[in-house]
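**Student:** Take a look at final_10.txt, compact mmCIF, C-alpha atoms and all ligand atoms:
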# COMPACT_ATOMS: atom_id res chain seq x y z
CA MET M 1 16.87 -183.04 -84.64
CA LEU M 2 19.84 -183.50 -86.92
CA SER M 3 22.46 -183.95 -84.27
CA ILE M 4 23.17 -187.34 -82.75
CA PHE M 5 23.10 -188.11 -79.07
CA VAL M 6 26.20 -190.19 -78.44
CA LEU M 7 27.02 -190.35 -74.77
CA ILE M 8 25.85 -189.53 -71.30
CA LEU M 9 28.31 -187.60 -69.17
CA ASP M 10 27.42 -186.43 -65.67
CA MET M 11 23.84 -187.36 -66.48
CA LYS M 12 23.76 -184.73 -69.23
CA ALA M 13 23.25 -185.65 -72.85
CA ILE M 14 26.09 -184.22 -74.92
CA GLU M 15 25.18 -183.53 -78.49
CA ILE M 16 27.80 -183.76 -81.18
CA TRP M 17 27.20 -181.02 -83.70
CA THR M 18 28.60 -180.89 -87.20
CA LYS M 19 29.67 -177.57 -88.59
CA ASP M 20 26.95 -177.81 -91.25
CA GLU M 21 24.30 -178.31 -88.59
CA ILE M 22 25.47 -175.22 -86.71
CA ALA M 23 25.49 -173.25 -89.98
CA LYS M 24 21.95 -174.39 -90.77
CA LEU M 25 20.83 -173.30 -87.32
CA TYR M 26 22.61 -169.95 -87.57
CA HIS M 27 21.14 -169.10 -90.98
CA GLN M 28 17.52 -169.80 -90.07
CA PRO M 29 14.96 -166.99 -90.23
CA LEU M 30 15.72 -164.93 -87.12
CA LEU M 31 12.37 -165.30 -85.39
CA GLU M 32 12.42 -169.08 -85.84
CA LEU M 33 15.96 -169.21 -84.40
CA LEU M 34 14.91 -166.97 -81.51
CA TYR M 35 11.93 -169.20 -80.73
CA GLN M 36 14.10 -172.34 -80.70
CA ALA M 37 16.75 -170.70 -78.53
CA ALA M 38 14.16 -169.41 -76.05
CA THR M 39 12.71 -172.93 -75.83
CA VAL M 40 16.13 -174.49 -75.12
CA HIS M 41 16.82 -171.73 -72.61
CA ARG M 42 13.65 -172.56 -70.70
CA GLU M 43 14.50 -176.25 -70.67
CA PHE M 44 18.00 -175.88 -69.23
CA HIS M 45 17.93 -172.59 -67.31
CA ASP M 46 15.58 -170.40 -65.30
CA PRO M 47 14.78 -167.62 -67.82
CA LYS M 48 14.04 -165.13 -65.02
CA GLU M 49 17.58 -165.34 -63.66
CA VAL M 50 20.49 -163.36 -65.08
CA GLN M 51 23.87 -163.38 -63.38
CA ILE M 52 25.42 -159.98 -62.73
CA SER M 53 29.20 -160.22 -62.96
CA LYS M 54 31.68 -157.56 -62.08
CA LEU M 55 34.83 -157.21 -64.17
CA VAL M 56 37.71 -155.59 -62.26
CA SER M 57 40.81 -154.53 -64.16
CA ILE M 58 43.46 -155.36 -61.57
CA LYS M 59 46.33 -154.39 -63.90
CA THR M 60 45.54 -152.09 -66.81
CA ASP M 61 47.41 -151.31 -70.03
CA GLY M 62 50.97 -151.92 -71.18
CA CYS M 63 50.28 -155.39 -72.58
CA PRO M 64 52.93 -156.70 -75.01
CA GLU M 65 50.34 -158.58 -77.10
CA ASP M 66 48.82 -157.17 -80.30
CA CYS M 67 45.11 -158.14 -80.10
CA GLY M 68 43.74 -155.81 -82.78
CA TYR M 69 40.64 -154.88 -80.78
CA CYS M 70 42.37 -154.08 -77.52
CA PRO M 71 43.15 -150.58 -76.25
CA GLN M 72 45.45 -152.07 -73.59
CA ALA M 73 48.03 -153.29 -76.10
CA ALA M 74 51.10 -151.12 -75.48
CA ARG M 75 51.87 -150.76 -79.17
CA TYR M 76 48.60 -148.97 -80.01
CA HIS M 77 48.02 -145.28 -79.40
CA THR M 78 44.97 -145.18 -77.19
CA ASP M 79 43.84 -142.96 -74.39
CA ILE M 80 44.12 -145.45 -71.55
CA ASN M 81 45.66 -144.70 -68.17
CA GLY M 82 47.58 -147.74 -66.99
CA ASN M 83 48.23 -148.79 -63.42
CA SER M 84 50.37 -151.25 -61.53
CA LEU M 85 48.74 -154.23 -59.84
CA MET M 86 45.76 -153.20 -57.71
CA SER M 87 46.00 -153.74 -53.96
CA LEU M 88 44.13 -156.53 -52.21
CA LYS M 89 42.15 -153.94 -50.25
CA GLU M 90 40.93 -152.22 -53.43
CA VAL M 91 39.88 -155.51 -55.01
CA VAL M 92 37.91 -156.52 -51.91
CA SER M 93 36.26 -153.10 -51.85
CA HIS M 94 35.21 -153.41 -55.55
CA ALA M 95 33.91 -156.93 -54.88
CA GLN M 96 31.90 -155.80 -51.84
CA ASP M 97 30.35 -152.87 -53.78
CA ALA M 98 29.42 -155.26 -56.57
CA LYS M 99 27.97 -157.81 -54.15
CA ASP M 100 25.86 -155.09 -52.49
CA MET M 101 24.37 -154.30 -55.92
CA GLY M 102 23.44 -157.95 -56.61
CA SER M 103 26.58 -159.23 -58.29
CA SER M 104 27.49 -162.86 -57.63
CA ARG M 105 30.68 -163.19 -59.68
CA VAL M 106 33.89 -161.19 -59.88
CA CYS M 107 36.24 -161.49 -62.83
CA MET M 108 39.72 -160.07 -62.30
CA GLY M 109 41.58 -159.12 -65.46
CA ALA M 110 45.27 -158.32 -65.87
CA ALA M 111 46.80 -157.06 -69.12
CA TRP M 112 49.52 -159.71 -69.20
CA ARG M 113 50.73 -161.95 -72.00
CA ASN M 114 51.07 -164.83 -69.56
CA VAL M 115 51.24 -165.47 -65.83
CA LYS M 116 54.68 -165.49 -64.20
CA ASP M 117 55.55 -167.15 -60.90
CA ASP M 118 56.37 -163.84 -59.27
CA ASN M 119 55.17 -161.64 -56.40
CA ASP M 120 52.37 -160.18 -58.51
CA PHE M 121 50.96 -163.67 -59.02
CA ASP M 122 51.21 -164.32 -55.26
CA GLN M 123 49.15 -161.16 -54.75
CA VAL M 124 46.54 -162.32 -57.28
CA LEU M 125 46.26 -165.63 -55.39
CA GLU M 126 45.47 -163.68 -52.21
CA MET M 127 42.81 -161.70 -54.12
CA VAL M 128 41.24 -164.94 -55.33
CA LYS M 129 41.15 -166.35 -51.80
CA SER M 130 39.62 -163.17 -50.35
CA VAL M 131 36.84 -162.90 -52.94
CA ASN M 132 36.11 -166.64 -52.61
CA GLN M 133 35.60 -166.06 -48.88
CA MET M 134 33.01 -163.41 -49.71
CA ASP M 135 30.92 -166.23 -51.23
CA MET M 136 31.22 -164.88 -54.74
CA GLU M 137 32.28 -166.88 -57.79
CA VAL M 138 35.82 -165.84 -58.71
CA CYS M 139 37.06 -165.80 -62.28
CA CYS M 140 40.44 -164.59 -63.52
CA THR M 141 41.67 -163.58 -66.95
CA LEU M 142 45.44 -163.21 -66.77
CA GLY M 143 46.65 -164.40 -70.15
CA MET M 144 48.34 -167.69 -70.86
CA LEU M 145 48.62 -170.03 -67.95
CA SER M 146 50.67 -173.14 -67.17
CA GLU M 147 49.18 -176.24 -65.56
CA ASN M 148 50.89 -175.59 -62.23
CA GLN M 149 49.71 -171.97 -62.16
CA ALA M 150 46.18 -173.17 -62.87
CA LYS M 151 46.43 -175.58 -59.91
CA ARG M 152 47.62 -172.82 -57.58
CA LEU M 153 44.67 -170.65 -58.65
CA ALA M 154 42.29 -173.57 -58.07
CA ASN M 155 43.78 -174.13 -54.59
CA ALA M 156 43.32 -170.42 -53.80
CA GLY M 157 39.58 -170.84 -54.50
CA LEU M 158 39.28 -169.83 -58.16
CA TYR M 159 36.01 -170.98 -59.74
CA ALA M 160 36.64 -170.15 -63.42
CA TYR M 161 39.43 -169.16 -65.76
CA ASN M 162 38.65 -166.95 -68.72
CA HIS M 163 40.59 -167.28 -71.96
CA ASN M 164 38.67 -166.34 -75.10
CA LEU M 165 39.25 -167.91 -78.50
CA ASP M 166 37.87 -164.60 -79.84
CA THR M 167 37.05 -165.90 -83.33
CA SER M 168 37.65 -168.84 -85.68
CA GLU M 169 41.09 -170.39 -86.01
CA GLU M 170 41.12 -169.20 -89.64
CA TYR M 171 40.38 -165.54 -88.84
CA TYR M 172 42.42 -165.39 -85.62
CA LYS M 173 45.66 -164.48 -87.42
CA GLU M 174 43.94 -161.41 -88.89
CA VAL M 175 43.37 -160.11 -85.39
CA ILE M 176 46.25 -161.37 -83.23
CA SER M 177 49.73 -162.25 -84.35
CA THR M 178 51.83 -162.43 -81.20
CA ARG M 179 50.59 -165.85 -80.11
CA GLY M 180 48.90 -168.76 -81.83
CA TYR M 181 45.45 -170.31 -81.57
CA GLU M 182 47.10 -173.43 -80.17
CA ASP M 183 48.38 -171.37 -77.21
CA ARG M 184 44.80 -170.44 -76.42
CA LEU M 185 43.67 -174.05 -76.56
CA GLN M 186 46.63 -175.12 -74.42
CA THR M 187 45.72 -172.61 -71.70
CA ILE M 188 42.12 -173.81 -71.69
CA ASP M 189 43.42 -177.35 -71.38
CA ASN M 190 45.68 -176.36 -68.47
CA ALA M 191 42.71 -174.79 -66.67
CA ARG M 192 40.74 -178.02 -67.19
CA LYS M 193 43.56 -180.13 -65.78
CA ALA M 194 43.26 -178.08 -62.58
CA ASN M 195 39.49 -178.77 -62.49
CA LEU M 196 38.66 -175.12 -63.05
CA THR M 197 35.51 -174.26 -64.95
CA VAL M 198 36.21 -172.58 -68.28
CA CYS M 199 34.93 -169.23 -69.49
CA SER M 200 35.71 -168.73 -73.16
CA GLY M 201 33.91 -166.84 -75.89
CA GLY M 202 34.28 -164.47 -78.79
CA ILE M 203 33.94 -161.03 -80.27
CA ILE M 204 31.78 -160.29 -83.28
CA GLY M 205 32.19 -157.26 -85.54
CA MET M 206 35.94 -157.58 -86.18
CA GLY M 207 35.42 -158.08 -89.92
CA GLU M 208 34.93 -161.84 -89.65
CA SER M 209 32.42 -163.73 -91.79
CA ASP M 210 29.35 -165.65 -90.62
CA ASN M 211 31.41 -168.77 -91.29
CA ASP M 212 34.07 -167.61 -88.79
CA ARG M 213 31.41 -167.17 -86.12
CA ILE M 214 30.02 -170.62 -86.87
CA SER M 215 33.51 -172.12 -86.88
CA MET M 216 34.30 -170.69 -83.44
CA LEU M 217 31.07 -172.17 -82.05
CA TYR M 218 31.96 -175.49 -83.65
CA THR M 219 35.33 -175.48 -81.81
CA TYR M 220 33.51 -174.92 -78.52
CA ALA M 221 30.90 -177.54 -79.36
CA LEU M 222 33.64 -180.16 -79.82
CA MET M 223 35.24 -179.49 -76.44
CA GLN M 224 34.47 -182.07 -73.80
CA PRO M 225 33.47 -180.72 -71.44
CA GLN M 226 32.19 -177.66 -73.23
CA PRO M 227 32.91 -174.28 -71.60
CA GLU M 228 30.59 -173.57 -68.68
CA SER M 229 30.60 -169.88 -69.56
CA VAL M 230 30.61 -168.25 -73.00
CA PRO M 231 30.89 -164.46 -73.27
CA ILE M 232 29.65 -163.01 -76.56
CA ASN M 233 31.06 -159.54 -77.15
CA ALA M 234 30.18 -156.94 -79.78
CA LEU M 235 33.35 -155.12 -80.78
CA VAL M 236 33.76 -151.69 -79.22
CA ALA M 237 35.94 -150.04 -81.86
CA VAL M 238 38.44 -147.95 -79.92
CA GLU M 239 40.31 -145.12 -81.59
CA GLY M 240 44.00 -145.92 -81.99
CA THR M 241 43.51 -149.69 -82.36
CA PRO M 242 43.78 -151.43 -85.74
CA LEU M 243 40.03 -152.12 -85.64
CA GLU M 244 39.07 -148.49 -84.95
CA GLU M 245 37.17 -148.17 -88.23
CA GLN M 246 34.93 -151.21 -87.85
CA THR M 247 31.26 -150.30 -87.98
CA PRO M 248 29.10 -151.27 -84.98
CA VAL M 249 27.60 -154.73 -85.04
CA PRO M 250 23.87 -154.71 -85.89
CA ILE M 251 21.75 -155.88 -82.97
CA TRP M 252 20.31 -158.59 -85.22
CA ASP M 253 23.78 -160.16 -85.52
CA MET M 254 24.15 -160.16 -81.76
CA VAL M 255 20.74 -161.79 -81.27
CA ARG M 256 21.52 -164.40 -83.94
CA MET M 257 24.91 -165.21 -82.38
CA ILE M 258 23.54 -165.47 -78.85
CA ALA M 259 20.61 -167.64 -79.96
CA THR M 260 22.89 -170.03 -81.86
CA THR M 261 25.29 -170.20 -78.90
CA ARG M 262 22.40 -170.95 -76.55
CA ILE M 263 21.23 -173.90 -78.67
CA VAL M 264 24.69 -175.36 -79.37
CA LEU M 265 26.10 -174.88 -75.85
CA LYS M 266 22.87 -175.39 -73.98
CA HIS M 267 24.33 -175.86 -70.48
CA ALA M 268 26.62 -172.83 -70.61
CA ALA M 269 26.05 -169.42 -69.12
CA VAL M 270 25.88 -167.19 -72.22
CA ARG M 271 27.21 -163.79 -71.26
CA LEU M 272 26.01 -160.65 -73.03
CA SER M 273 29.31 -158.82 -72.67
CA ALA M 274 31.01 -155.85 -74.37
CA GLY M 275 29.04 -153.55 -76.62
CA ARG M 276 25.91 -153.08 -74.51
CA THR M 277 26.21 -149.28 -74.67
CA GLN M 278 25.59 -149.61 -78.42
CA MET M 279 22.30 -151.44 -77.73
CA ASN M 280 19.00 -150.07 -76.55
CA ASP M 281 16.85 -151.77 -73.90
CA GLU M 282 14.74 -153.52 -76.54
CA GLY M 283 17.85 -155.00 -78.18
CA GLN M 284 19.15 -156.27 -74.85
CA ALA M 285 15.71 -157.74 -74.06
CA LEU M 286 15.90 -159.72 -77.32
CA CYS M 287 19.35 -161.01 -76.28
CA PHE M 288 17.90 -162.22 -72.95
CA MET M 289 15.03 -163.82 -74.87
CA ALA M 290 17.62 -165.54 -77.09
CA GLY M 291 19.26 -167.11 -74.05
CA ALA M 292 21.78 -164.66 -72.62
CA ASN M 293 21.79 -165.18 -68.87
CA SER M 294 24.59 -162.99 -67.65
CA ILE M 295 25.78 -159.41 -68.00
CA PHE M 296 28.85 -157.58 -66.79
CA ALA M 297 27.86 -154.63 -64.66
CA GLY M 298 29.66 -151.42 -63.80
CA ASP M 299 30.37 -148.30 -65.85
CA LYS M 300 33.58 -149.77 -67.34
CA LEU M 301 34.27 -153.13 -68.91
CA LEU M 302 38.04 -153.23 -68.30
CA THR M 303 38.59 -150.03 -70.29
CA THR M 304 35.54 -149.65 -72.54
CA PRO M 305 32.22 -148.03 -71.55
CA ASN M 306 29.38 -150.09 -70.08
CA PRO M 307 25.87 -149.17 -68.87
CA ASP M 308 25.72 -148.09 -65.23
CA PHE M 309 24.57 -150.45 -62.49
CA ASN M 310 21.35 -148.56 -61.75
CA GLY M 311 20.36 -148.58 -65.44
CA ASP M 312 20.83 -152.35 -65.49
CA LEU M 313 18.76 -152.84 -62.36
CA ALA M 314 15.98 -150.66 -63.85
CA LEU M 315 16.04 -152.83 -67.00
CA PHE M 316 15.86 -155.99 -64.88
CA ASP M 317 12.83 -154.49 -63.15
CA LYS M 318 11.10 -153.71 -66.46
CA LEU M 319 11.75 -157.21 -67.82
CA GLY M 320 10.98 -159.12 -64.61
CA LEU M 321 14.53 -160.45 -64.32
CA VAL M 322 16.27 -161.23 -61.04
CA PRO M 323 20.01 -161.48 -60.28
CA MET M 324 21.28 -165.05 -60.13
CA LYS M 325 22.89 -166.23 -56.90
CA ALA M 326 26.47 -167.52 -56.81
CA TYR M 327 27.28 -171.21 -57.39
CA LYS M 328 23.98 -171.98 -59.10
CA LYS M 329 25.72 -174.49 -61.38
CA GLY M 330 28.61 -175.73 -59.27
CA ASP M 331 30.03 -175.93 -55.77
CA LYS M 332 32.06 -173.25 -54.10
CA PRO M 333 35.74 -174.28 -54.32
CA LYS M 334 37.44 -175.01 -51.01
CA VAL M 335 40.62 -173.08 -50.33
CA ASN M 336 43.69 -175.28 -49.96
CA GLU M 337 46.71 -173.57 -48.45
CA ALA M 338 48.87 -175.42 -50.99
CA TYR M 339 48.25 -172.41 -53.23
CA LYS M 340 51.12 -170.70 -51.39
CA GLU M 341 53.66 -173.28 -52.55
CA LYS M 342 55.77 -171.89 -55.32
CA PRO M 343 57.08 -174.45 -57.81
CA VAL M 344 60.47 -175.83 -56.73
CA ASN M 345 61.57 -176.27 -60.32
CA LYS M 346 60.10 -173.44 -62.32
CA GLU M 347 58.00 -174.74 -65.18
CA LYS M 348 59.46 -173.60 -68.45
CA VAL M 349 56.60 -173.22 -70.85
CA LYS M 350 57.30 -171.79 -74.25
CA TRP M 351 54.37 -170.11 -75.87
CA THR M 352 54.42 -169.29 -79.55
CA ARG M 353 55.52 -165.84 -80.69
CA PRO M 354 54.75 -165.75 -84.41
CA GLY M 355 55.70 -162.06 -84.90
CA HIS M 356 53.74 -158.88 -85.22
CA LEU M 357 51.61 -158.44 -88.35
CA ILE M 358 48.53 -156.49 -87.31
CA GLU M 359 49.04 -152.92 -88.45
CA ARG M 360 45.98 -151.17 -89.70
CA ASN M 361 46.29 -147.61 -88.52
CA GLU M 362 49.00 -145.29 -89.75
CA GLU M 363 50.27 -144.15 -86.36
CA ALA M 364 50.64 -147.72 -85.10
CA LYS M 365 52.31 -148.66 -88.40
CA ALA M 366 54.94 -145.94 -88.00
CA LYS M 367 55.54 -146.86 -84.38
CA SER M 368 55.87 -150.55 -85.10
CA LYS M 369 58.49 -149.85 -87.79
CA GLU M 370 60.57 -148.09 -85.15
CA VAL M 371 60.11 -150.98 -82.72
CA ARG M 372 60.99 -153.52 -85.39
CA LYS M 373 64.37 -151.90 -86.03
CA SER M 374 65.48 -152.83 -82.53
CA PHE M 375 63.56 -156.07 -82.02
CA ARG M 376 63.44 -159.29 -83.99
CA PRO M 377 60.94 -161.79 -82.49
CA ARG M 378 61.92 -165.42 -82.15
CA LYS M 379 59.80 -167.80 -84.19
CA ILE M 380 58.56 -170.81 -82.28
CA SER M 381 55.97 -172.88 -84.05
CA SER M 382 54.42 -174.92 -81.28
CA VAL M 383 53.90 -175.08 -77.53
CA LYS M 384 56.68 -177.06 -75.90
CA LYS M 385 57.29 -177.91 -72.28
CA LEU M 386 60.98 -178.13 -71.57
S1 LIG M 401 43.21 -158.61 -75.01
FE1 LIG M 401 44.49 -159.16 -73.25
S2 LIG M 401 46.25 -160.18 -74.19
FE2 LIG M 401 45.27 -159.03 -75.84
S3 LIG M 401 46.35 -157.03 -75.87
FE3 LIG M 401 44.54 -156.81 -74.56
S4 LIG M 401 45.26 -157.20 -72.48
FE4 LIG M 401 46.80 -158.01 -73.89
Starting from the file, lay out its structure as structure tokens.
Ligand code: SF4
**Tutor:**
Amino acid sequence: MLSIFVLILDMKAIEIWTKDEIAKLYHQPLLELLYQAATVHREFHDPKEVQISKLVSIKTDGCPEDCGYCPQAARYHTDINGNSLMSLKEVVSHAQDAKDMGSSRVCMGAAWRNVKDDNDFDQVLEMVKSVNQMDMEVCCTLGMLSENQAKRLANAGLYAYNHNLDTSEEYYKEVISTRGYEDRLQTIDNARKANLTVCSGGIIGMGESDNDRISMLYTYALMQPQPESVPINALVAVEGTPLEEQTPVPIWDMVRMIATTRIVLKHAAVRLSAGRTQMNDEGQALCFMAGANSIFAGDKLLTTPNPDFNGDLALFDKLGLVPMKAYKKGDKPKVNEAYKEKPVNKEKVKWTRPGHLIERNEEAKAKSKEVRKSFRPRKISSVKKL
């Protein structure tokens, strides 16, 4: 083993990987990599168990950000029907349906640039509390988050906060230009300060190189603690987005990425996320063999297609997999009514706004020229707390 064991934390050996070591792992012959990953998976996880998570889009579309893969970015011309914030009753109903089908985790996603201390956030806190009381793990993905907002979510019973790095720091600016990589890291740090577990992963197939994939894993490997949950997505190229012409990711790339993630981040739940409709059952089985131990279920993944619940359960049956129960790797958070306390002095967090650059389809290009005539973004180079 090339890596060096340097410290014991929570009785778990943390390995420090170098980027070269991860690259060497990643570039191995695929079957050798798969065998190693399956071995690690058996050592640290029960290979029969796969967590079924339900992703609920509690506020769809109209996002001011410019993530090049995302059909919910307001500036792209996609066929998405937006909505205002979902009611508490609807969220609880989605969560109950998911629980009845074997789901043990609900992730609530809102197409926001960042969380604001407003009534919508108060409503999200009530959603978190209600789903927590259903004994399901609750995760939120709401955009950039301040430390105080993270603490309120934790007090409401949130188990995990999702904020994906998406790709390497080097390639990130090719995909997203309205906020910086450091903003992403800051939000992850804020979630950690509130003792939330972290869900953070990436998307492959956006035109990045193998080195970008390795570099993203290296960033995660250096985090202490490492993310408890790592979604690996295959790009779903949506018409109207700048990445609409990307060709689908070969299944072999997905297996290679999942296997490498499993070995490098051995304690994490590795989530086989977007792009499953582009894979057949055999491909997904290889991903489970490589160490994926979670899927998102339901016919939509926020706005992109996903296999239906019954199809997933039939696949589980064929492969001898069983749904994982909630809180397998951590305790259920206790609700503390302090979540209702709004900050007396509003935190003023300035996130970066580098300016829009991502324009790869003609329609979006024309539109963004119009927008630019009336809007000149401020340039702020780093995250500052005032
Ligand atoms: S990925 Fe999230 S932040 Fe980016 S455009 Fe879509 S909804 Fe907005």
**Student:** Would you pick out the contacts of stretch 87-101 of chain M at 7 Å or less, using all atoms listed in the file, so that residues sharing its chain but fewer than 6 positions from it are not included, and give the list as a PyMOL selection string?
**Tutor:** chain M and resi 54+127+131
**Student:** Of the candidates M:Thr141, M:Thr39, M:Asn195, M:Asn155, which one gets nearest to M:Ile263 if we count only C-alpha atoms?
**Tutor:**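 Looking only at the distances to M:Ile263, the closest residue turns out to be M:Thr39.
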**Student:** Identify which of the residues M:Val175, M:Leu319, M:Ile52, M:Cys139 lies closest to ligand LIG 401 (chain M), counting only C-alpha atoms and all ligand atoms when measuring atom-to-atom distances.
**Tutor:**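 The shortest atom-to-atom distance to ligand LIG 401 (chain M) comes from M:Val175.
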**Student:** Around ligand LIG 401 (chain M), at most 6 Å away and counting all atoms listed in the file, which residues are there? Put them as JSON, numbers by chain, please.
**Tutor:** {"M": [63, 65, 66, 67, 70, 72, 73, 111, 112, 113, 143]}
**Student:** Between M:Ile188, M:Leu217, M:Val255, M:Ala285, which residue has the minimum interatomic distance to M:Leu321, considering all atoms listed in the file?
**Tutor:**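 Closest to M:Leu321 of all the choices is M:Ala285.
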**Student:** Ranking M:Gly311, M:Gly109, M:Pro343, M:Pro242 by minimum distance to M:Arg152 and counting only C-alpha atoms, which one comes first?
**Tutor:**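 So, comparing all the options, the nearest one is M:Pro343.
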**Student:** Of the residues M:Phe288, M:Tyr218, M:Tyr172, M:Phe44, which is the one nearest to M:Ala23, using all atoms listed in the file?
**Tutor:**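 Once distances to M:Ala23 are computed over all atoms listed in the file, the minimum belongs to M:Tyr218.
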**Student:** Check the smallest atom-to-atom distance from each of M:Gly283, M:Gly291, M:Pro250, M:Gly240 to M:Leu34 using all atoms listed in the file, then report the winner.
**Tutor:**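 Comparing M:Gly283, M:Gly291, M:Pro250, M:Gly240 against M:Leu34, the winner is M:Gly291.
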**Student:** Edge lengths and centre, in Å to one decimal, as lines of an AutoDock Vina configuration file: that's what I need for the box along x, y and z that holds all listed atoms of stretch 158-172 of chain M plus 5 Å on each side.
**Tutor:**
center_x = 39.2
center_y = -167.8
center_z = -73.9
size_x = 16.4
size_y = 16.4
size_z = 41.5
**Student:** Could you tell me how far atom CA of M:Glu32 lies from atom CA of M:Met216, in Å and to one decimal?
**Tutor:**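 So the two atoms, atom CA of M:Glu32 and atom CA of M:Met216, lie 22.1 Å apart.
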**Student:** May I have the residues within 10 Å of M:Asn162 as a ChimeraX atom specification, using only C-alpha atoms and disregarding those fewer than 4 positions away in the same chain?
**Tutor:** /M:107-109,139-144,187-188,191,196-201,227,229-231
**Student:** In Å to one decimal, how far is atom CA of M:Lys173 from atom CA of M:Arg353?
**Tutor:** 12.0 Å
**Student:** For a cut-off of 10 Å around (30.2, -149.8, -85.9), file coordinates, pick out all residues using all atoms listed in the file and list them as a ChimeraX atom specification.
**Tutor:** /M:205-206,234-237,244-250,278
